[in-house]
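For reference, the structure is listed below as structure tokens.
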Number of protein chains: 2
Amino acid sequence: DEMVKRNYIFDTIKSVYQRYGYMPLETPTMENIETLLGKYGDEGDKLIFRILDNGDPLKGAVSSSLNSNYGEHLFDSSKFVNDISGKGLRYDLTVPFARYVVMHQNEITFPFKRYQIQPVWRADRPQKGRYREFYQCDADVIGSTSLLNEIELIQIIDDVFSNFGLKVLIKINNRKILNGIADYFEVQNNFSEFINIIDKIDKKELSEIEKDLQSINFNFEKLDDLPLFEFTVRTEQTANWEIMRMVLNDYEIAFRKCNSIIGLNGINEMLTIVNHFDQDKTNRNLLVDSEKISFTPHLARGLSYYTGTILEVTVNDPRTQFRSSILGGGRYDDLTGIFGLPNVSGVGISFGADRIYDVMEELKLFPESVAATTKILFVNFGKEEERYCLRLIQKVREAGINAELYPDQAKMKKQMSYADAKKIPYVALIGEEEMKTEMISLKNMITGEQEKISTQNLIAKLNNII
Amino acid sequence: DEMVKRNYIFDTIKSVYQRYGYMPLETPTMENIETLLGKYGDEGDKLIFRILDNGDPLKGAVSSSLNSNYGEHLFDSSKFVNDISGKGLRYDLTVPFARYVVMHQNEITFPFKRYQIQPVWRADRPQKGRYREFYQCDADVIGSTSLLNEIELIQIIDDVFSNFGLKVLIKINNRKILNGIADYFEVQNNFSEFINIIDKIDKKELSEIEKDLQSINFNFEKLDDLPLFEFTVRTEQTANWEIMRMVLNDYEIAFRKCNSIIGLNGINEMLTIVNHFDQDKTNRNLLVDSEKISFTPHLARGLSYYTGTILEVTVNDPRTQFRSSILGGGRYDDLTGIFGLPNVSGVGISFGADRIYDVMEELKLFPESVAATTKILFVNFGKEEERYCLRLIQKVREAGINAELYPDQAKMKKQMSYADAKKIPYVALIGEEEMKTEMISLKNMITGEQEKISTQNLIAKLNNII
């Protein structure tokens, strides 16, 4: 049951990605340990699952270790681990993707649009919403600086969540705007601490935020001209192009004052995106409804490789308390640089399938009947009926309908509870009389109603409910 | 490109499995090492990838190992490996499935029909057709002894390969018939050696087979009454219900002579299957064409847990030399017994997706245009055109057509080679004139032809080619 729902999530995301020209990619589960180490911070390194080398590398490694430390009991376990384990399980999809792009740069046509839906592994303590093995659903364009890519990714986000019937808020910011803000409040030297602090503006008490900001010498006097906290609240609550434009305008003035070129670039990029989403002159079609998008100047997202647009999606439905982000993304100007291919800009998003599953389950958003499930069970009454049904069910399946014949000549009650347990909506009863008249006694398992129906009409009926 | 084709294989297998009422299951990548060890023979144990425990278990494990062997340099590396590695990567899908069934026996409705398409890992030396990470595509029914399950699995095999346009031979045998043969030739005490020898009847010289059989005291005199080797050749070459019946009849007589009850049971099971596939009285529909199925009495398949029907599929197309099996399967009477749930019979099959990929590639059986690929590229001529195209392309995508807008205002030549490289069949050119007249200049990338077309007609045209 869970897998059917999960596949529904994956299939929806997959087909929307394909609709926008992203092609599938899968990379191997195991990466060389050097590819993984040092990419996710010290904490991340500790959470990488490592594979023991095969053969018997231990004997050698341990004896060498025994000899060198003979009688000393000093033991460099991290050196030893490297000796016996040269590979690790992938920790995310972005780093293996970057490695792949660099390795295959001569075969790839840029801009390269790929999606990747695969599990990743983290040696975390498992808890609600955090698993040791979970799926990521990424899409990235690499080799294009155009902001059209950001716009299409936002459309993809909107398409996917509209398909799910899940109301969301798409928060956008730009790392360059964060740089401008840091310039303006004179905390550029403590940039990473600064963004970590303001990223928590909506999670912590204001007094705590202020204390944290004091510790990095934030210039509080300048808050009069650029009311950072107020804007945050204002843009969070009302997603509206006009307000977004006004706030962007205030930021622009502030950045001009402190002469923050990078901040002004960020404003320009944001305006390009906002202008694209805004109504066109004829007031016709909007690409995405404005109330779904919010400019969120404090949004930072921890990952250090983002350099431009930042995206995050949260659920926006009063019926749930679910507050975690269910999608993250952004633009990175030099992801492949660490693998020897500098200056290739890319932008990507990653759906959090497990969290989306949890919230859709809570809000009961999964469709009643998913295409994968069985639509009709043929009851097994005996040898002759089996033979008859095997041929009849073949026709039903050829018409694209998922159908089962109960394999054993079990008691009626047992066969019926099988249909119930598998939530099969229809049961076909075919005995001597039905075989003679070439009709099917069809039972609707929800209403309990029973009718006689021909094979043709059965197929038409079942095709209708799919 | 490869992924698109692989997904085509997976999607086809998946949808056929679902058509027969099999539901998806995924199990975790990592299993406790005790679940895996001892299930695949000594060779298998060596090929299991092991995960290093997290945290720092090494320090303790190594110092304890140092102390106990202090100064001795004796080192029990397998004990040490167990101390530092409690988990391994799954080696196949069957053992984790059996573990799952036992763990969840109280939630599962039997008969339990599940399919599972996931990668497995083996620390083999990689070579052509043999990979360290590869996909298995399994379906199993557990909790039903009915031979209808075998019959449906054979129909599934036929459906899948018919979909692929791949000509195959489905070889069937029964472990019980092998037992009967062993009874008859008085080699029951060397049963596993015996089946290993005759499994190679079509791979080795007859003289070699005879030598191998001598070493286990095979009673050659009895070959006069049951010409094992001749039958083998006969049934291999002509898959025909009548011949199958005749051969089964000869075996039956032989098994009666040596009073092999198990052999006779095997004959009965085979006849039940053959009779189901045979034409019915009215000569109407065959479930599967007889020339696709071959009774192959020497077929053994190495895996020791099979106890009834055995299945194997090979390619049957004169255009290829591909001889490896591309599917295996069979019935096992006690797979879950090792995990504490005895006497639950099951039967399953496993498609070898990687080998199927290789042979389909060789025979050029992949469809030209797979649904996943982009059908039309909109050329990017500039700011105004971008804005116009973004809205137009939205309509095309809403009609279910995969479409791309080139993200950068690059040179025409570059955009065209992008379409070529991605094998996009149509390119839309929209400049000032097209925007004014609301028409699209459409270029067919294969013929080079160009035409003016309205949005509605474009959608109709592209929907036609999908």
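By convention here, the chains of the structure tokens are called A, B, ... in the order presented, each chain's residues are numbered starting at 1, and ligands are numbered starting at 1 in the order presented.
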Quiz item: Running DSSP on the backbone, which parts of range 60-241 of chain B land in strand (DSSP E or B), as a ChimeraX atom specification?
Solution: /B:87-89,112-121,127,130,133-142,168-174
Just the selected residues (N, CA and C atoms), exported as a short mmCIF file (atom, residue, chain, number, x, y, z; two decimals), in the first residue's frame, please.
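New file again-v9.cif:
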data_model
loop_
_atom_site.label_atom_id
_atom_site.label_comp_id
_atom_site.auth_asym_id
_atom_site.auth_seq_id
_atom_site.Cartn_x
_atom_site.Cartn_y
_atom_site.Cartn_z
N LYS B 87 26.17 -5.06 9.05
CA LYS B 87 25.19 -4.98 7.97
C LYS B 87 25.85 -5.22 6.62
N GLY B 88 25.04 -5.64 5.66
CA GLY B 88 25.54 -5.83 4.31
C GLY B 88 24.53 -5.35 3.29
N LEU B 89 25.00 -5.16 2.05
CA LEU B 89 24.09 -4.77 0.98
C LEU B 89 23.36 -6.01 0.47
N PHE B 112 0.14 -13.96 -1.10
CA PHE B 112 0.76 -12.64 -1.18
C PHE B 112 1.53 -12.54 -2.50
N LYS B 113 1.05 -11.63 -3.36
CA LYS B 113 1.67 -11.46 -4.68
C LYS B 113 2.41 -10.13 -4.69
N ARG B 114 3.73 -10.20 -4.75
CA ARG B 114 4.46 -8.94 -4.78
C ARG B 114 5.47 -8.94 -5.92
N TYR B 115 5.73 -7.72 -6.44
CA TYR B 115 6.88 -7.59 -7.33
C TYR B 115 7.86 -6.61 -6.72
N GLN B 116 9.08 -6.73 -7.14
CA GLN B 116 10.14 -5.91 -6.54
C GLN B 116 11.18 -5.66 -7.62
N ILE B 117 11.42 -4.39 -7.89
CA ILE B 117 12.43 -4.01 -8.90
C ILE B 117 13.44 -3.12 -8.21
N GLN B 118 14.56 -3.68 -7.84
CA GLN B 118 15.56 -2.92 -7.10
C GLN B 118 16.95 -3.44 -7.46
N PRO B 119 17.96 -2.60 -7.21
CA PRO B 119 19.32 -3.09 -7.47
C PRO B 119 19.78 -4.07 -6.39
N VAL B 120 20.70 -4.94 -6.75
CA VAL B 120 21.39 -5.80 -5.80
C VAL B 120 22.89 -5.64 -6.06
N TRP B 121 23.69 -6.06 -5.07
CA TRP B 121 25.13 -5.81 -5.16
C TRP B 121 25.93 -7.08 -4.94
N GLN B 127 32.61 -7.63 -15.38
CA GLN B 127 32.92 -8.00 -16.76
C GLN B 127 31.64 -7.88 -17.58
N ARG B 130 28.19 -8.89 -16.43
CA ARG B 130 28.24 -9.12 -14.99
C ARG B 130 28.68 -7.82 -14.30
N GLU B 133 26.74 -3.80 -9.42
CA GLU B 133 25.40 -3.33 -9.03
C GLU B 133 24.50 -3.58 -10.22
N PHE B 134 23.45 -4.33 -10.02
CA PHE B 134 22.53 -4.56 -11.14
C PHE B 134 21.11 -4.75 -10.61
N TYR B 135 20.16 -4.55 -11.50
CA TYR B 135 18.76 -4.61 -11.10
C TYR B 135 18.22 -6.02 -11.22
N GLN B 136 17.42 -6.42 -10.25
CA GLN B 136 16.60 -7.61 -10.41
C GLN B 136 15.14 -7.17 -10.46
N CYS B 137 14.35 -7.92 -11.20
CA CYS B 137 12.94 -7.59 -11.37
C CYS B 137 12.14 -8.84 -11.02
N ASP B 138 11.84 -8.99 -9.76
CA ASP B 138 11.24 -10.23 -9.27
C ASP B 138 9.73 -10.11 -9.08
N ALA B 139 9.05 -11.23 -9.29
CA ALA B 139 7.67 -11.35 -8.84
C ALA B 139 7.53 -12.70 -8.16
N ASP B 140 6.87 -12.74 -7.03
CA ASP B 140 6.64 -13.99 -6.30
C ASP B 140 5.20 -14.02 -5.77
N VAL B 141 4.64 -15.22 -5.76
CA VAL B 141 3.39 -15.47 -5.01
C VAL B 141 3.80 -16.37 -3.88
N ILE B 142 3.38 -16.05 -2.68
CA ILE B 142 3.73 -16.89 -1.55
C ILE B 142 2.45 -17.23 -0.80
N VAL B 168 11.70 -15.62 -27.60
CA VAL B 168 12.36 -16.38 -26.54
C VAL B 168 11.84 -17.81 -26.48
N LEU B 169 12.60 -18.65 -25.78
CA LEU B 169 12.16 -20.01 -25.47
C LEU B 169 12.04 -20.11 -23.95
N ILE B 170 10.84 -20.48 -23.50
CA ILE B 170 10.61 -20.64 -22.07
C ILE B 170 10.81 -22.11 -21.73
N LYS B 171 11.88 -22.40 -21.01
CA LYS B 171 12.17 -23.80 -20.65
C LYS B 171 11.55 -24.10 -19.29
N ILE B 172 10.83 -25.22 -19.24
CA ILE B 172 10.23 -25.62 -17.96
C ILE B 172 10.76 -26.98 -17.57
N ASN B 173 10.94 -27.16 -16.28
CA ASN B 173 11.20 -28.47 -15.74
C ASN B 173 10.64 -28.50 -14.33
N ASN B 174 10.87 -29.60 -13.63
CA ASN B 174 10.36 -29.71 -12.27
C ASN B 174 11.41 -30.45 -11.46
#
Quiz prompt | Contacts of range 335-340 of chain B at 10 Å (only C-alpha atoms; same-chain gap of 2+ positions) as an MDAnalysis selection string | solution = chainID B and resid 35 39 94:95 97:103 142 305:307 331:333 342:347
Quiz item: Which of range 31-222 of chain A counts as helix (DSSP H, G or I) under DSSP, as a PyMOL selection string please?
Solution: chain A and resi 33-36+41-46+57-68+77-84+94-103+148-164+175-184+188-198+206-215+220-222
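Going from CA of Asp212 in chain A over to CA of Ile197 in chain A, you cover 6.7 Å.
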Quiz item: Restricting the calculation to only C-alpha atoms, which member of A:Asn54, A:Gln456, A:Asn163, A:Ser85 is positioned closest to Met360 in chain A?
Solution: A:Asn163
Quiz prompt | Asp420 in chain A surroundings by only C-alpha atoms, 8 Å radius, close-in-sequence under 4 positions cut, as JSON, numbers by chain | solution = {"A": [416, 424, 445]}
Quiz item: Which polymer residues have any atom within 9 Å of an atom of Arg132 in chain B, counting only C-alpha atoms, with same-chain residues fewer than 4 positions away left out, as a PyMOL selection string?
Solution: chain B and resi 120-126
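Counting only C-alpha atoms and comparing A:Asn32, A:Thr374, A:Ser207, A:Gln214, the residue that lies closest to chain B is A:Thr374.
Neighbours of Leu365 in chain B closer than or equal to 12 Å, with only C-alpha atoms counted and sequence neighbours fewer than 2 positions away skipped, come out as Lys5, Tyr8, Ile9, Phe161, Ser162, Asn163, Phe164, Gly165, Leu166, Lys167, Ile356, Tyr357, Asp358, Val359, Met360, Glu361, Glu362, Leu363, Pro367, Glu368, Ser369 and Val370 of chain B.
Atom pair CA of Gly431 in chain A / CA of Leu271 in chain B has a distance of 24.5 Å (rounded to one decimal).
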Self-check item: Computed interatomic separation between CA of Phe49 in chain A and CA of Ile84 in chain B (Å)
Solution: 12.7 Å
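Nearest to Tyr406 in chain A of all the residues B:Ile310, B:Leu147, B:Leu377, B:Cys389 is B:Leu147, based on only C-alpha atoms.
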Close residues, range 203-206 of chain A itself excluded, 12 Å, only C-alpha atoms, min 5 positions apart in chain, as a PDB file with N, CA, C and O atoms, in the first residue's frame:
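part25.pdb, freshly written:
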ATOM      1  N   ASN A 196      23.145  31.956   8.917  1.00  0.00           N
ATOM      2  CA  ASN A 196      22.596  30.946   9.827  1.00  0.00           C
ATOM      3  C   ASN A 196      21.657  31.566  10.857  1.00  0.00           C
ATOM      4  O   ASN A 196      20.652  30.967  11.227  1.00  0.00           O
ATOM      5  N   ILE A 197      21.999  32.769  11.308  1.00  0.00           N
ATOM      6  CA  ILE A 197      21.139  33.435  12.302  1.00  0.00           C
ATOM      7  C   ILE A 197      19.810  33.853  11.675  1.00  0.00           C
ATOM      8  O   ILE A 197      18.734  33.526  12.180  1.00  0.00           O
ATOM      9  N   ILE A 198      19.880  34.573  10.541  1.00  0.00           N
ATOM     10  CA  ILE A 198      18.616  35.097  10.017  1.00  0.00           C
ATOM     11  C   ILE A 198      17.763  34.016   9.372  1.00  0.00           C
ATOM     12  O   ILE A 198      16.553  34.166   9.231  1.00  0.00           O
ATOM     13  N   LYS A 211      20.209  38.822  20.097  1.00  0.00           N
ATOM     14  CA  LYS A 211      21.409  38.446  20.861  1.00  0.00           C
ATOM     15  C   LYS A 211      22.464  37.834  19.938  1.00  0.00           C
ATOM     16  O   LYS A 211      23.638  38.189  20.000  1.00  0.00           O
ATOM     17  N   ASP A 212      21.973  36.904  19.084  1.00  0.00           N
ATOM     18  CA  ASP A 212      22.899  36.255  18.144  1.00  0.00           C
ATOM     19  C   ASP A 212      23.537  37.277  17.213  1.00  0.00           C
ATOM     20  O   ASP A 212      24.731  37.209  16.919  1.00  0.00           O
ATOM     21  N   LEU A 213      22.719  38.253  16.758  1.00  0.00           N
ATOM     22  CA  LEU A 213      23.235  39.256  15.826  1.00  0.00           C
ATOM     23  C   LEU A 213      24.266  40.151  16.508  1.00  0.00           C
ATOM     24  O   LEU A 213      25.254  40.561  15.887  1.00  0.00           O
ATOM     25  N   LEU A 228      14.480  44.964   8.402  1.00  0.00           N
ATOM     26  CA  LEU A 228      14.647  43.576   7.969  1.00  0.00           C
ATOM     27  C   LEU A 228      13.585  42.648   8.538  1.00  0.00           C
ATOM     28  O   LEU A 228      12.996  41.836   7.839  1.00  0.00           O
ATOM     29  N   PHE A 229      13.343  42.771   9.846  1.00  0.00           N
ATOM     30  CA  PHE A 229      12.411  41.828  10.478  1.00  0.00           C
ATOM     31  C   PHE A 229      10.977  42.076  10.051  1.00  0.00           C
ATOM     32  O   PHE A 229      10.217  41.156   9.812  1.00  0.00           O
ATOM     33  N   GLU A 230      10.623  43.339   9.937  1.00  0.00           N
ATOM     34  CA  GLU A 230       9.258  43.657   9.510  1.00  0.00           C
ATOM     35  C   GLU A 230       8.961  43.179   8.102  1.00  0.00           C
ATOM     36  O   GLU A 230       7.938  42.576   7.828  1.00  0.00           O
ATOM     37  N   VAL A 233       8.232  39.497   7.955  1.00  0.00           N
ATOM     38  CA  VAL A 233       6.874  39.143   8.341  1.00  0.00           C
ATOM     39  C   VAL A 233       5.904  39.508   7.219  1.00  0.00           C
ATOM     40  O   VAL A 233       5.048  38.738   6.827  1.00  0.00           O
ATOM     41  N   HIS A 298      15.103  36.464   4.248  1.00  0.00           N
ATOM     42  CA  HIS A 298      15.958  35.828   5.260  1.00  0.00           C
ATOM     43  C   HIS A 298      16.253  34.371   4.923  1.00  0.00           C
ATOM     44  O   HIS A 298      16.999  33.706   5.612  1.00  0.00           O
ATOM     45  N   LEU A 299      15.636  33.858   3.858  1.00  0.00           N
ATOM     46  CA  LEU A 299      15.837  32.447   3.494  1.00  0.00           C
ATOM     47  C   LEU A 299      17.286  32.214   3.063  1.00  0.00           C
ATOM     48  O   LEU A 299      17.772  32.857   2.137  1.00  0.00           O
ATOM     49  N   ARG A 323       5.553  21.839   9.267  1.00  0.00           N
ATOM     50  CA  ARG A 323       6.281  23.064   8.956  1.00  0.00           C
ATOM     51  C   ARG A 323       7.606  22.864   8.240  1.00  0.00           C
ATOM     52  O   ARG A 323       8.214  23.807   7.760  1.00  0.00           O
ATOM     53  N   SER A 324       8.067  21.615   8.188  1.00  0.00           N
ATOM     54  CA  SER A 324       9.367  21.362   7.546  1.00  0.00           C
ATOM     55  C   SER A 324       9.293  21.655   6.056  1.00  0.00           C
ATOM     56  O   SER A 324       8.228  21.581   5.456  1.00  0.00           O
TER      57      SER A 324
END
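Nearest to chain A of all the residues B:Leu36, B:Ile326, B:Leu287, B:Ala410 is B:Leu287, counting only C-alpha atoms.
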